[in-house]
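Colleague: Please read through the structure below; I'll follow up with questions.
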Amino acid sequence: MRAPMRRRTIIRMVLDPHLVLHQLFSPAFPVGAFAWSHGLEAAVQDGHIADATSAEAWLRDVLEHGAGWSDAVLCAQAAAGKNLRELVDLARALAPSAERRAETLEQGAAFAATVRAVWGADVPGAAYPVAVGAALRALDLPVDHGLRLYLQAFAANLCAACVRLVPLGQTDGQRITRALQPLCAALAARALAADLDDIGGFAPALDIASQRHEALHSRIFRS
Amino acid sequence: MPGIEPPAAAQRARGAALLAAHAAGGRTRIADLSMSGCAKLLFPRPAGPALDAVLLNASGGVTGGDRLALEVRAGPGAAARMTTQAAERVYRAPVSDAPGRVETALTVEAGAVLHWLPQETILFDGAALDRRLRIDMGGDARLIACEVLVFGRAAMGEVLRALRLRDRIDLRREGRLVFADRLRLEGDAAAALARAGVAGGAGAMASVLWAAPEAGARVDALRAALPATAGASALDSDLVFLRLLGRDGYALRKSLIPLLERLTETDLPRPWML
């Protein structure tokens, strides 16, 4: 029991938690986020997204009605140390398509493996939001900031996918990320007060886009 | 508007039904049956070796505070097919009421087949519904389950400005959670449904689970038969999940019925065709 406690103390004394969060959610952190479009590539090919306005609206739906909200709740629950076994199973089962399942499991596994290797923290390979929540807890990082950054990293990665696919200018991509910041902050705040039964949304069009992506003839992204 | 809502002391509907089916002598027969309150089970003359059952909610619909429960168990090697007598209507509930609760538990034991094919659930403006579907399957059991939500009565031009919907599905294989759906739509449903990433203006949605050893290998053929407003994916080699959107309940039926007939390799139960 003594060794882990001492390690936890050292982590807290030596590290600036904001710098650690920035490191975890930077595009340079090796989770491979750039390979996944969350079905967006199919939505572009099917004509649902054609410009900056429709791209922003789609990403708003992803955050508010789709995986954004549910992932924020899963992450907050894991960060609060609640029912980890149940969260691992539920997060995996919630994916509406094989590619969305791979998207969250592969990023989560890469994230957890890197956190284990770099910080020596006990973080399970699980769906991405559950692995992130477990890491926030293991590294004693501020959960409210972590949740906001997690959601913004998710949104910013999909913005980058829009820049490539629609295509949009780099500045448009950054404008969308900025426009989504209040939503990321609001969802993070609500997720902190939510419980497991609050998970869920209504976004069948997002589910269908990710299912249709699996059948695209030519594609750049893995989801 | 005073005078429009039902009286505050409106009666709450209660209904519970249980059906256990078992394989006997090359057919599937009723092993156990009970019904109480407004939940009735009818058994039309079977067309084949499978047991056909039709669920009827004698209260005529669901409103705030109602509670309905159904439990179905298909024993080893049994084959059963369930539908509903009519579409289920979920009426406007006073805001102060708890949502109507509908709980369904399906158990499909080793070697059994269950088709869960209720007709549409039609949500009226102001509806409040809290629904759970729990499915437990043995290792080689087979399942086709379809749930249809229709948002408002399109023929009446109904627009859903207020909705409280929570609809959950949990599918377990040999005790392990392999699929979970958590639908949650609260508030101005019409505004949400109009959004491209939500439903792109669709007013009806079907969710279909197909669990069978060959399901994953057949997903490409299934996809080829889908309209552009639908998608299907093999979550595992033995599990396919499908969503389908339609402009309204009628348009959805036109693509859903051939799809379900293809999956079940037979005609849909009679009540679907009436």
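Going through the structure tokens in order, the chains are called A, B, and so on, while each chain numbers its residues from 1 and the ligands are numbered from 1 in the order shown.
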Give me, as JSON lines, the closest atom pair and its distance (Å, one decimal) for every residue of chain B within a cut-off of 6 Å of chain A, counting only C-alpha atoms, rows sorted by chain and rising number.

Modeller:
{"residue": "B:Val178", "atom": "CA", "partner": "A:Ala93", "partner_atom": "CA", "distance": 5.2}
{"residue": "B:Phe179", "atom": "CA", "partner": "A:Ala93", "partner_atom": "CA", "distance": 4.2}
{"residue": "B:Ala180", "atom": "CA", "partner": "A:Leu94", "partner_atom": "CA", "distance": 4.9}
{"residue": "B:Asp181", "atom": "CA", "partner": "A:Leu94", "partner_atom": "CA", "distance": 5.9}
{"residue": "B:Arg182", "atom": "CA", "partner": "A:Gly200", "partner_atom": "CA", "distance": 4.5}
{"residue": "B:Leu183", "atom": "CA", "partner": "A:Gly201", "partner_atom": "CA", "distance": 5.1}
{"residue": "B:Arg184", "atom": "CA", "partner": "A:Gly201", "partner_atom": "CA", "distance": 4.5}
{"residue": "B:Leu185", "atom": "CA", "partner": "A:Phe202", "partner_atom": "CA", "distance": 5.8}
{"residue": "B:Gly197", "atom": "CA", "partner": "A:Ala205", "partner_atom": "CA", "distance": 5.1}
{"residue": "B:Val198", "atom": "CA", "partner": "A:Ala203", "partner_atom": "CA", "distance": 4.0}
{"residue": "B:Ala199", "atom": "CA", "partner": "A:Ala205", "partner_atom": "CA", "distance": 5.1}
{"residue": "B:Ala230", "atom": "CA", "partner": "A:Ile208", "partner_atom": "CA", "distance": 5.8}
{"residue": "B:Gly231", "atom": "CA", "partner": "A:Ile208", "partner_atom": "CA", "distance": 4.6}
{"residue": "B:Ala232", "atom": "CA", "partner": "A:Gln211", "partner_atom": "CA", "distance": 5.4}
{"residue": "B:Ser233", "atom": "CA", "partner": "A:Ser97", "partner_atom": "CA", "distance": 5.2}
{"residue": "B:Leu235", "atom": "CA", "partner": "A:Ala98", "partner_atom": "CA", "distance": 4.6}

Colleague: Could those selected residues go to a file with N, CA, C and O atoms, as a PDB file, in the first residue's frame?

Modeller:
ATOM      1  N   VAL B 178     -23.650  -6.962 -24.724  1.00  0.00           N
ATOM      2  CA  VAL B 178     -23.018  -6.832 -26.039  1.00  0.00           C
ATOM      3  C   VAL B 178     -23.571  -5.658 -26.831  1.00  0.00           C
ATOM      4  O   VAL B 178     -22.970  -5.203 -27.803  1.00  0.00           O
ATOM      5  N   PHE B 179     -24.719  -5.142 -26.418  1.00  0.00           N
ATOM      6  CA  PHE B 179     -25.267  -3.972 -27.108  1.00  0.00           C
ATOM      7  C   PHE B 179     -26.156  -3.199 -26.146  1.00  0.00           C
ATOM      8  O   PHE B 179     -26.917  -3.791 -25.377  1.00  0.00           O
ATOM      9  N   ALA B 180     -26.030  -1.876 -26.197  1.00  0.00           N
ATOM     10  CA  ALA B 180     -26.899  -1.013 -25.380  1.00  0.00           C
ATOM     11  C   ALA B 180     -27.323   0.177 -26.218  1.00  0.00           C
ATOM     12  O   ALA B 180     -26.494   0.797 -26.881  1.00  0.00           O
ATOM     13  N   ASP B 181     -28.602   0.470 -26.201  1.00  0.00           N
ATOM     14  CA  ASP B 181     -29.113   1.668 -26.871  1.00  0.00           C
ATOM     15  C   ASP B 181     -29.718   2.544 -25.781  1.00  0.00           C
ATOM     16  O   ASP B 181     -30.446   2.041 -24.917  1.00  0.00           O
ATOM     17  N   ARG B 182     -29.402   3.813 -25.815  1.00  0.00           N
ATOM     18  CA  ARG B 182     -29.950   4.743 -24.824  1.00  0.00           C
ATOM     19  C   ARG B 182     -30.524   5.935 -25.558  1.00  0.00           C
ATOM     20  O   ARG B 182     -29.798   6.878 -25.871  1.00  0.00           O
ATOM     21  N   LEU B 183     -31.817   5.868 -25.869  1.00  0.00           N
ATOM     22  CA  LEU B 183     -32.437   6.987 -26.569  1.00  0.00           C
ATOM     23  C   LEU B 183     -33.042   7.941 -25.549  1.00  0.00           C
ATOM     24  O   LEU B 183     -33.700   7.518 -24.606  1.00  0.00           O
ATOM     25  N   ARG B 184     -32.798   9.210 -25.774  1.00  0.00           N
ATOM     26  CA  ARG B 184     -33.267  10.249 -24.847  1.00  0.00           C
ATOM     27  C   ARG B 184     -33.616  11.465 -25.684  1.00  0.00           C
ATOM     28  O   ARG B 184     -32.756  12.045 -26.337  1.00  0.00           O
ATOM     29  N   LEU B 185     -34.874  11.810 -25.708  1.00  0.00           N
ATOM     30  CA  LEU B 185     -35.299  12.979 -26.474  1.00  0.00           C
ATOM     31  C   LEU B 185     -36.299  13.728 -25.614  1.00  0.00           C
ATOM     32  O   LEU B 185     -37.395  13.234 -25.345  1.00  0.00           O
ATOM     33  N   GLY B 197     -27.997  16.047 -38.168  1.00  0.00           N
ATOM     34  CA  GLY B 197     -27.320  14.973 -37.449  1.00  0.00           C
ATOM     35  C   GLY B 197     -28.249  14.194 -36.528  1.00  0.00           C
ATOM     36  O   GLY B 197     -27.855  13.177 -35.966  1.00  0.00           O
ATOM     37  N   VAL B 198     -29.472  14.675 -36.364  1.00  0.00           N
ATOM     38  CA  VAL B 198     -30.424  13.975 -35.500  1.00  0.00           C
ATOM     39  C   VAL B 198     -31.287  13.050 -36.366  1.00  0.00           C
ATOM     40  O   VAL B 198     -31.182  11.832 -36.283  1.00  0.00           O
ATOM     41  N   ALA B 199     -32.130  13.630 -37.196  1.00  0.00           N
ATOM     42  CA  ALA B 199     -32.972  12.782 -38.045  1.00  0.00           C
ATOM     43  C   ALA B 199     -33.199  13.394 -39.422  1.00  0.00           C
ATOM     44  O   ALA B 199     -33.921  12.814 -40.234  1.00  0.00           O
ATOM     45  N   ALA B 230     -30.949   4.625 -44.264  1.00  0.00           N
ATOM     46  CA  ALA B 230     -30.746   3.529 -43.315  1.00  0.00           C
ATOM     47  C   ALA B 230     -29.289   3.104 -43.312  1.00  0.00           C
ATOM     48  O   ALA B 230     -28.541   3.356 -44.261  1.00  0.00           O
ATOM     49  N   GLY B 231     -28.885   2.448 -42.232  1.00  0.00           N
ATOM     50  CA  GLY B 231     -27.547   1.887 -42.141  1.00  0.00           C
ATOM     51  C   GLY B 231     -27.588   0.616 -41.325  1.00  0.00           C
ATOM     52  O   GLY B 231     -28.472   0.438 -40.491  1.00  0.00           O
ATOM     53  N   ALA B 232     -26.626  -0.271 -41.598  1.00  0.00           N
ATOM     54  CA  ALA B 232     -26.527  -1.506 -40.818  1.00  0.00           C
ATOM     55  C   ALA B 232     -25.055  -1.788 -40.587  1.00  0.00           C
ATOM     56  O   ALA B 232     -24.210  -1.447 -41.411  1.00  0.00           O
ATOM     57  N   SER B 233     -24.763  -2.401 -39.446  1.00  0.00           N
ATOM     58  CA  SER B 233     -23.376  -2.730 -39.136  1.00  0.00           C
ATOM     59  C   SER B 233     -23.314  -4.026 -38.354  1.00  0.00           C
ATOM     60  O   SER B 233     -24.176  -4.302 -37.528  1.00  0.00           O
ATOM     61  N   LEU B 235     -21.818  -5.565 -35.493  1.00  0.00           N
ATOM     62  CA  LEU B 235     -21.074  -5.218 -34.276  1.00  0.00           C
ATOM     63  C   LEU B 235     -20.183  -6.383 -33.859  1.00  0.00           C
ATOM     64  O   LEU B 235     -19.113  -6.193 -33.299  1.00  0.00           O
TER      65      LEU B 235
END

Colleague: Could you pull out the strand (DSSP E or B) residues of region 48-255 of chain B, going by DSSP on the backbone, and write them as a CSV table (one decimal) with C-alpha atoms, in the first residue's frame?

Modeller:
chain,number,residue,atom,x,y,z
B,51,LEU,CA,-45.7,-20.1,-31.4
B,52,ASP,CA,-47.4,-16.9,-32.5
B,53,ALA,CA,-48.4,-14.5,-29.7
B,54,VAL,CA,-50.1,-11.1,-30.0
B,55,LEU,CA,-49.9,-8.6,-27.2
B,56,LEU,CA,-52.9,-6.3,-26.5
B,57,ASN,CA,-52.9,-3.3,-24.2
B,62,VAL,CA,-50.1,4.7,-22.6
B,67,ARG,CA,-47.1,0.8,-15.9
B,68,LEU,CA,-46.9,-2.1,-18.3
B,69,ALA,CA,-44.7,-5.1,-18.0
B,70,LEU,CA,-44.1,-8.1,-20.2
B,71,GLU,CA,-41.9,-11.1,-19.7
B,72,VAL,CA,-41.3,-13.7,-22.5
B,73,ARG,CA,-39.1,-16.8,-22.1
B,74,ALA,CA,-38.3,-19.0,-25.1
B,79,ALA,CA,-39.4,-20.8,-31.5
B,80,ALA,CA,-41.8,-17.9,-30.8
B,81,ARG,CA,-42.9,-14.8,-32.5
B,82,MET,CA,-44.4,-11.8,-30.8
B,83,THR,CA,-46.3,-8.8,-32.1
B,84,THR,CA,-48.9,-6.3,-30.9
B,88,GLU,CA,-49.2,1.6,-29.2
B,89,ARG,CA,-50.4,5.2,-28.7
B,90,VAL,CA,-48.6,7.3,-26.1
B,92,ARG,CA,-50.2,13.6,-23.8
B,100,GLY,CA,-45.7,6.0,-18.5
B,101,ARG,CA,-43.4,3.0,-17.8
B,102,VAL,CA,-43.1,0.0,-20.2
B,103,GLU,CA,-40.8,-2.8,-19.3
B,104,THR,CA,-40.1,-5.8,-21.5
B,105,ALA,CA,-37.8,-8.7,-20.6
B,106,LEU,CA,-37.1,-11.3,-23.3
B,107,THR,CA,-35.1,-14.5,-22.6
B,108,VAL,CA,-34.0,-16.6,-25.5
B,113,VAL,CA,-35.5,-18.4,-31.7
B,114,LEU,CA,-37.5,-15.3,-30.8
B,115,HIS,CA,-38.9,-12.7,-33.2
B,116,TRP,CA,-39.9,-9.5,-31.3
B,121,THR,CA,-45.1,3.2,-30.9
B,122,ILE,CA,-46.8,6.5,-31.8
B,123,LEU,CA,-45.8,9.5,-29.6
B,127,ALA,CA,-46.2,12.3,-24.5
B,128,ALA,CA,-44.0,11.0,-21.6
B,129,LEU,CA,-42.6,7.5,-21.9
B,130,ASP,CA,-39.9,5.6,-20.0
B,131,ARG,CA,-39.3,2.3,-21.7
B,132,ARG,CA,-36.8,-0.6,-21.2
B,133,LEU,CA,-36.3,-3.6,-23.3
B,134,ARG,CA,-34.0,-6.2,-21.8
B,135,ILE,CA,-32.9,-9.2,-23.8
B,136,ASP,CA,-30.9,-12.2,-22.5
B,137,MET,CA,-29.7,-14.7,-24.9
B,142,ARG,CA,-31.4,-16.4,-32.4
B,143,LEU,CA,-33.2,-13.1,-32.3
B,144,ILE,CA,-34.8,-10.5,-34.5
B,145,ALA,CA,-36.0,-7.5,-32.6
B,146,CYS,CA,-37.5,-4.4,-34.1
B,147,GLU,CA,-38.8,-1.3,-32.4
B,148,VAL,CA,-40.4,1.6,-34.3
B,149,LEU,CA,-41.0,5.1,-32.9
B,150,VAL,CA,-43.3,7.5,-34.8
B,151,PHE,CA,-43.1,11.1,-33.7
B,163,LEU,CA,-41.8,15.2,-25.4
B,164,ARG,CA,-40.3,13.2,-22.6
B,165,LEU,CA,-38.8,10.1,-24.1
B,166,ARG,CA,-36.3,7.6,-22.6
B,167,ASP,CA,-36.0,4.3,-24.4
B,168,ARG,CA,-33.4,1.8,-23.5
B,169,ILE,CA,-32.3,-1.6,-25.0
B,170,ASP,CA,-29.8,-3.9,-23.3
B,171,LEU,CA,-28.8,-7.1,-25.1
B,172,ARG,CA,-26.8,-9.7,-23.2
B,173,ARG,CA,-25.2,-12.9,-24.6
B,176,ARG,CA,-22.4,-10.2,-21.1
B,177,LEU,CA,-23.7,-6.9,-22.3
B,178,VAL,CA,-23.0,-6.8,-26.0
B,179,PHE,CA,-25.3,-4.0,-27.1
B,180,ALA,CA,-26.9,-1.0,-25.4
B,181,ASP,CA,-29.1,1.7,-26.9
B,182,ARG,CA,-30.0,4.7,-24.8
B,183,LEU,CA,-32.4,7.0,-26.6
B,184,ARG,CA,-33.3,10.2,-24.8
B,185,LEU,CA,-35.3,13.0,-26.5
B,186,GLU,CA,-36.7,15.6,-24.2
B,187,GLY,CA,-38.3,19.0,-25.0
B,204,ALA,CA,-40.2,7.9,-37.8
B,205,MET,CA,-37.4,5.6,-36.9
B,206,ALA,CA,-36.9,1.8,-36.7
B,207,SER,CA,-34.1,0.1,-34.8
B,208,VAL,CA,-33.5,-3.6,-35.6
B,209,LEU,CA,-31.3,-6.1,-33.8
B,210,TRP,CA,-30.4,-9.3,-35.6
B,211,ALA,CA,-28.5,-11.9,-33.5
B,230,ALA,CA,-30.7,3.5,-43.3
B,231,GLY,CA,-27.5,1.9,-42.1
B,232,ALA,CA,-26.5,-1.5,-40.8
B,233,SER,CA,-23.4,-2.7,-39.1
B,234,ALA,CA,-22.1,-6.0,-37.9
B,235,LEU,CA,-21.1,-5.2,-34.3
B,236,ASP,CA,-19.9,-8.8,-33.9
B,239,LEU,CA,-24.8,-9.4,-34.2
B,240,VAL,CA,-26.1,-6.8,-36.6
B,241,PHE,CA,-27.6,-3.5,-35.7
B,242,LEU,CA,-29.7,-1.4,-38.1
B,243,ARG,CA,-31.3,2.0,-38.0
B,244,LEU,CA,-33.9,3.2,-40.5
B,245,LEU,CA,-35.4,6.6,-40.8
B,246,GLY,CA,-38.7,7.5,-42.7

Colleague: For Ala186 (chain A), find every residue with an atom within 12 Å (counting only C-alpha atoms), except residues of its own chain fewer than 2 positions away, and show them as a PDB file with N, CA, C and O atoms, in the first residue's frame.

Modeller:
ATOM      1  N   LEU A  63     -21.969  16.560 -30.557  1.00  0.00           N
ATOM      2  CA  LEU A  63     -21.678  16.870 -29.148  1.00  0.00           C
ATOM      3  C   LEU A  63     -22.932  16.778 -28.284  1.00  0.00           C
ATOM      4  O   LEU A  63     -22.921  16.165 -27.222  1.00  0.00           O
ATOM      5  N   GLU A  64     -24.024  17.393 -28.745  1.00  0.00           N
ATOM      6  CA  GLU A  64     -25.187  17.558 -27.891  1.00  0.00           C
ATOM      7  C   GLU A  64     -26.115  16.341 -27.904  1.00  0.00           C
ATOM      8  O   GLU A  64     -26.625  15.937 -26.864  1.00  0.00           O
ATOM      9  N   GLY A  68     -20.939  12.917 -27.850  1.00  0.00           N
ATOM     10  CA  GLY A  68     -20.305  13.928 -26.995  1.00  0.00           C
ATOM     11  C   GLY A  68     -20.842  13.897 -25.577  1.00  0.00           C
ATOM     12  O   GLY A  68     -20.084  13.726 -24.606  1.00  0.00           O
ATOM     13  N   TRP A  69     -22.169  14.021 -25.464  1.00  0.00           N
ATOM     14  CA  TRP A  69     -22.787  14.040 -24.132  1.00  0.00           C
ATOM     15  C   TRP A  69     -22.579  12.721 -23.394  1.00  0.00           C
ATOM     16  O   TRP A  69     -22.148  12.699 -22.232  1.00  0.00           O
ATOM     17  N   ALA A  72     -19.101  12.276 -22.237  1.00  0.00           N
ATOM     18  CA  ALA A  72     -18.773  13.162 -21.111  1.00  0.00           C
ATOM     19  C   ALA A  72     -19.267  12.555 -19.799  1.00  0.00           C
ATOM     20  O   ALA A  72     -18.563  12.604 -18.780  1.00  0.00           O
ATOM     21  N   ASP A 144     -13.127  18.850 -13.996  1.00  0.00           N
ATOM     22  CA  ASP A 144     -13.905  19.808 -14.795  1.00  0.00           C
ATOM     23  C   ASP A 144     -13.093  20.292 -15.998  1.00  0.00           C
ATOM     24  O   ASP A 144     -13.581  20.336 -17.117  1.00  0.00           O
ATOM     25  N   HIS A 145     -11.826  20.639 -15.752  1.00  0.00           N
ATOM     26  CA  HIS A 145     -10.975  21.064 -16.874  1.00  0.00           C
ATOM     27  C   HIS A 145     -10.749  19.910 -17.849  1.00  0.00           C
ATOM     28  O   HIS A 145     -10.760  20.087 -19.062  1.00  0.00           O
ATOM     29  N   LEU A 147     -12.655  17.358 -18.539  1.00  0.00           N
ATOM     30  CA  LEU A 147     -13.843  17.088 -19.361  1.00  0.00           C
ATOM     31  C   LEU A 147     -13.979  18.104 -20.484  1.00  0.00           C
ATOM     32  O   LEU A 147     -14.297  17.752 -21.626  1.00  0.00           O
ATOM     33  N   ARG A 148     -13.756  19.375 -20.166  1.00  0.00           N
ATOM     34  CA  ARG A 148     -13.872  20.413 -21.206  1.00  0.00           C
ATOM     35  C   ARG A 148     -12.841  20.181 -22.311  1.00  0.00           C
ATOM     36  O   ARG A 148     -13.143  20.291 -23.495  1.00  0.00           O
ATOM     37  N   LEU A 151     -13.742  17.119 -24.482  1.00  0.00           N
ATOM     38  CA  LEU A 151     -14.786  17.417 -25.479  1.00  0.00           C
ATOM     39  C   LEU A 151     -14.244  18.314 -26.582  1.00  0.00           C
ATOM     40  O   LEU A 151     -14.547  18.130 -27.762  1.00  0.00           O
ATOM     41  N   GLN A 152     -13.422  19.288 -26.207  1.00  0.00           N
ATOM     42  CA  GLN A 152     -12.879  20.172 -27.253  1.00  0.00           C
ATOM     43  C   GLN A 152     -11.911  19.409 -28.164  1.00  0.00           C
ATOM     44  O   GLN A 152     -11.888  19.645 -29.380  1.00  0.00           O
ATOM     45  N   LEU A 180     -17.834  26.183 -30.922  1.00  0.00           N
ATOM     46  CA  LEU A 180     -18.326  25.049 -30.135  1.00  0.00           C
ATOM     47  C   LEU A 180     -17.857  25.092 -28.681  1.00  0.00           C
ATOM     48  O   LEU A 180     -18.282  24.267 -27.861  1.00  0.00           O
ATOM     49  N   GLN A 181     -16.980  26.046 -28.360  1.00  0.00           N
ATOM     50  CA  GLN A 181     -16.435  26.082 -26.994  1.00  0.00           C
ATOM     51  C   GLN A 181     -17.510  26.235 -25.909  1.00  0.00           C
ATOM     52  O   GLN A 181     -17.475  25.507 -24.907  1.00  0.00           O
ATOM     53  N   PRO A 182     -18.480  27.160 -26.072  1.00  0.00           N
ATOM     54  CA  PRO A 182     -19.498  27.257 -25.009  1.00  0.00           C
ATOM     55  C   PRO A 182     -20.263  25.950 -24.820  1.00  0.00           C
ATOM     56  O   PRO A 182     -20.597  25.584 -23.692  1.00  0.00           O
ATOM     57  N   LEU A 183     -20.521  25.229 -25.912  1.00  0.00           N
ATOM     58  CA  LEU A 183     -21.242  23.958 -25.813  1.00  0.00           C
ATOM     59  C   LEU A 183     -20.388  22.926 -25.078  1.00  0.00           C
ATOM     60  O   LEU A 183     -20.890  22.195 -24.205  1.00  0.00           O
ATOM     61  N   CYS A 184     -19.099  22.847 -25.422  1.00  0.00           N
ATOM     62  CA  CYS A 184     -18.202  21.915 -24.714  1.00  0.00           C
ATOM     63  C   CYS A 184     -18.203  22.211 -23.215  1.00  0.00           C
ATOM     64  O   CYS A 184     -18.286  21.302 -22.381  1.00  0.00           O
ATOM     65  N   ALA A 188     -19.754  19.717 -20.299  1.00  0.00           N
ATOM     66  CA  ALA A 188     -18.850  19.242 -19.249  1.00  0.00           C
ATOM     67  C   ALA A 188     -19.445  19.543 -17.876  1.00  0.00           C
ATOM     68  O   ALA A 188     -19.442  18.688 -16.980  1.00  0.00           O
ATOM     69  N   ALA A 189     -19.988  20.750 -17.705  1.00  0.00           N
ATOM     70  CA  ALA A 189     -20.565  21.121 -16.402  1.00  0.00           C
ATOM     71  C   ALA A 189     -21.759  20.236 -16.073  1.00  0.00           C
ATOM     72  O   ALA A 189     -21.908  19.756 -14.945  1.00  0.00           O
ATOM     73  N   ARG A 190     -22.621  19.976 -17.077  1.00  0.00           N
ATOM     74  CA  ARG A 190     -23.783  19.122 -16.835  1.00  0.00           C
ATOM     75  C   ARG A 190     -23.370  17.684 -16.538  1.00  0.00           C
ATOM     76  O   ARG A 190     -23.970  17.011 -15.699  1.00  0.00           O
ATOM     77  N   ALA A 191     -22.329  17.223 -17.238  1.00  0.00           N
ATOM     78  CA  ALA A 191     -21.892  15.834 -17.055  1.00  0.00           C
ATOM     79  C   ALA A 191     -21.391  15.586 -15.634  1.00  0.00           C
ATOM     80  O   ALA A 191     -21.551  14.497 -15.093  1.00  0.00           O
ATOM     81  N   LEU A 192     -20.785  16.614 -15.039  1.00  0.00           N
ATOM     82  CA  LEU A 192     -20.277  16.458 -13.670  1.00  0.00           C
ATOM     83  C   LEU A 192     -21.411  16.193 -12.687  1.00  0.00           C
ATOM     84  O   LEU A 192     -21.208  15.543 -11.662  1.00  0.00           O
ATOM     85  N   ALA A 193     -22.601  16.704 -12.995  1.00  0.00           N
ATOM     86  CA  ALA A 193     -23.733  16.555 -12.077  1.00  0.00           C
ATOM     87  C   ALA A 193     -24.647  15.394 -12.484  1.00  0.00           C
ATOM     88  O   ALA A 193     -25.635  15.140 -11.810  1.00  0.00           O
TER      89      ALA A 193
END

Colleague: Name all residues at most 7 Å from region 159-172 of chain A (count only C-alpha atoms; drop same-chain ones fewer than 4 positions away) and give them as a ChimeraX atom specification.

Modeller: /A:37,41,44,50-52,55,155,176-177

Colleague: Rounded to one decimal, what separation in Å do you get between CA of Thr53 (chain A) and CA of Ala192 (chain B)?

Modeller: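 Going from CA of Thr53 (chain A) over to CA of Ala192 (chain B), I get 16.9 Å.
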
Colleague: Based on DSSP run over this structure's backbone, return all residues of region 30-78 of chain A in alpha helix (DSSP H), as a ChimeraX atom specification.

Modeller: /A:40-45,52-64,67-78

Colleague: Counting only C-alpha atoms, figure out which residue out of A:Ala135, A:Leu141, A:Leu187, A:Val73 gets nearest to Ala112 (chain A).

Modeller: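 Under the stated criterion, the closest residue is A:Ala135.
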
Colleague: With only C-alpha atoms as the atoms that count, which of A:Gln23, A:Ser218, A:Ser223, A:Asn157 lies nearest to Val118 (chain A)?

Modeller: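 When distances to Val118 (chain A) are compared using only C-alpha atoms, the smallest one comes from A:Gln23.
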
Colleague: What's the separation between CA of Gly15 (chain B) and CA of Ser59 (chain B), in Å to one decimal place?

Modeller: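 If I compute the distance from CA of Gly15 (chain B) to CA of Ser59 (chain B), I get 8.8 Å.
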
Colleague: Select, from B:Arg247, B:Lys40, B:Arg29, B:Arg223, the residue with the minimum atom-to-atom distance to Leu263 (chain B), counting only C-alpha atoms.

Modeller: B:Arg223

Colleague: Take CA of Ala80 (chain A) and CA of Thr104 (chain A) and report the distance between them in Å, one decimal.

Modeller: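 Interatomic distance, CA of Ala80 (chain A) to CA of Thr104 (chain A): 20.1 Å.
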
Colleague: Which residue is closest to Ala23 (chain B)? Choose from B:Gly60, B:Ile257, B:Glu214, B:Ala110 and count only C-alpha atoms.

Modeller: B:Ala110

Colleague: Would you mind listing what lies within 9 Å of Arg12 (chain B) as an NGL selection string, with only C-alpha atoms counted and same-chain residues fewer than 3 positions away left out?

Modeller: :B and (9 or 63-67)
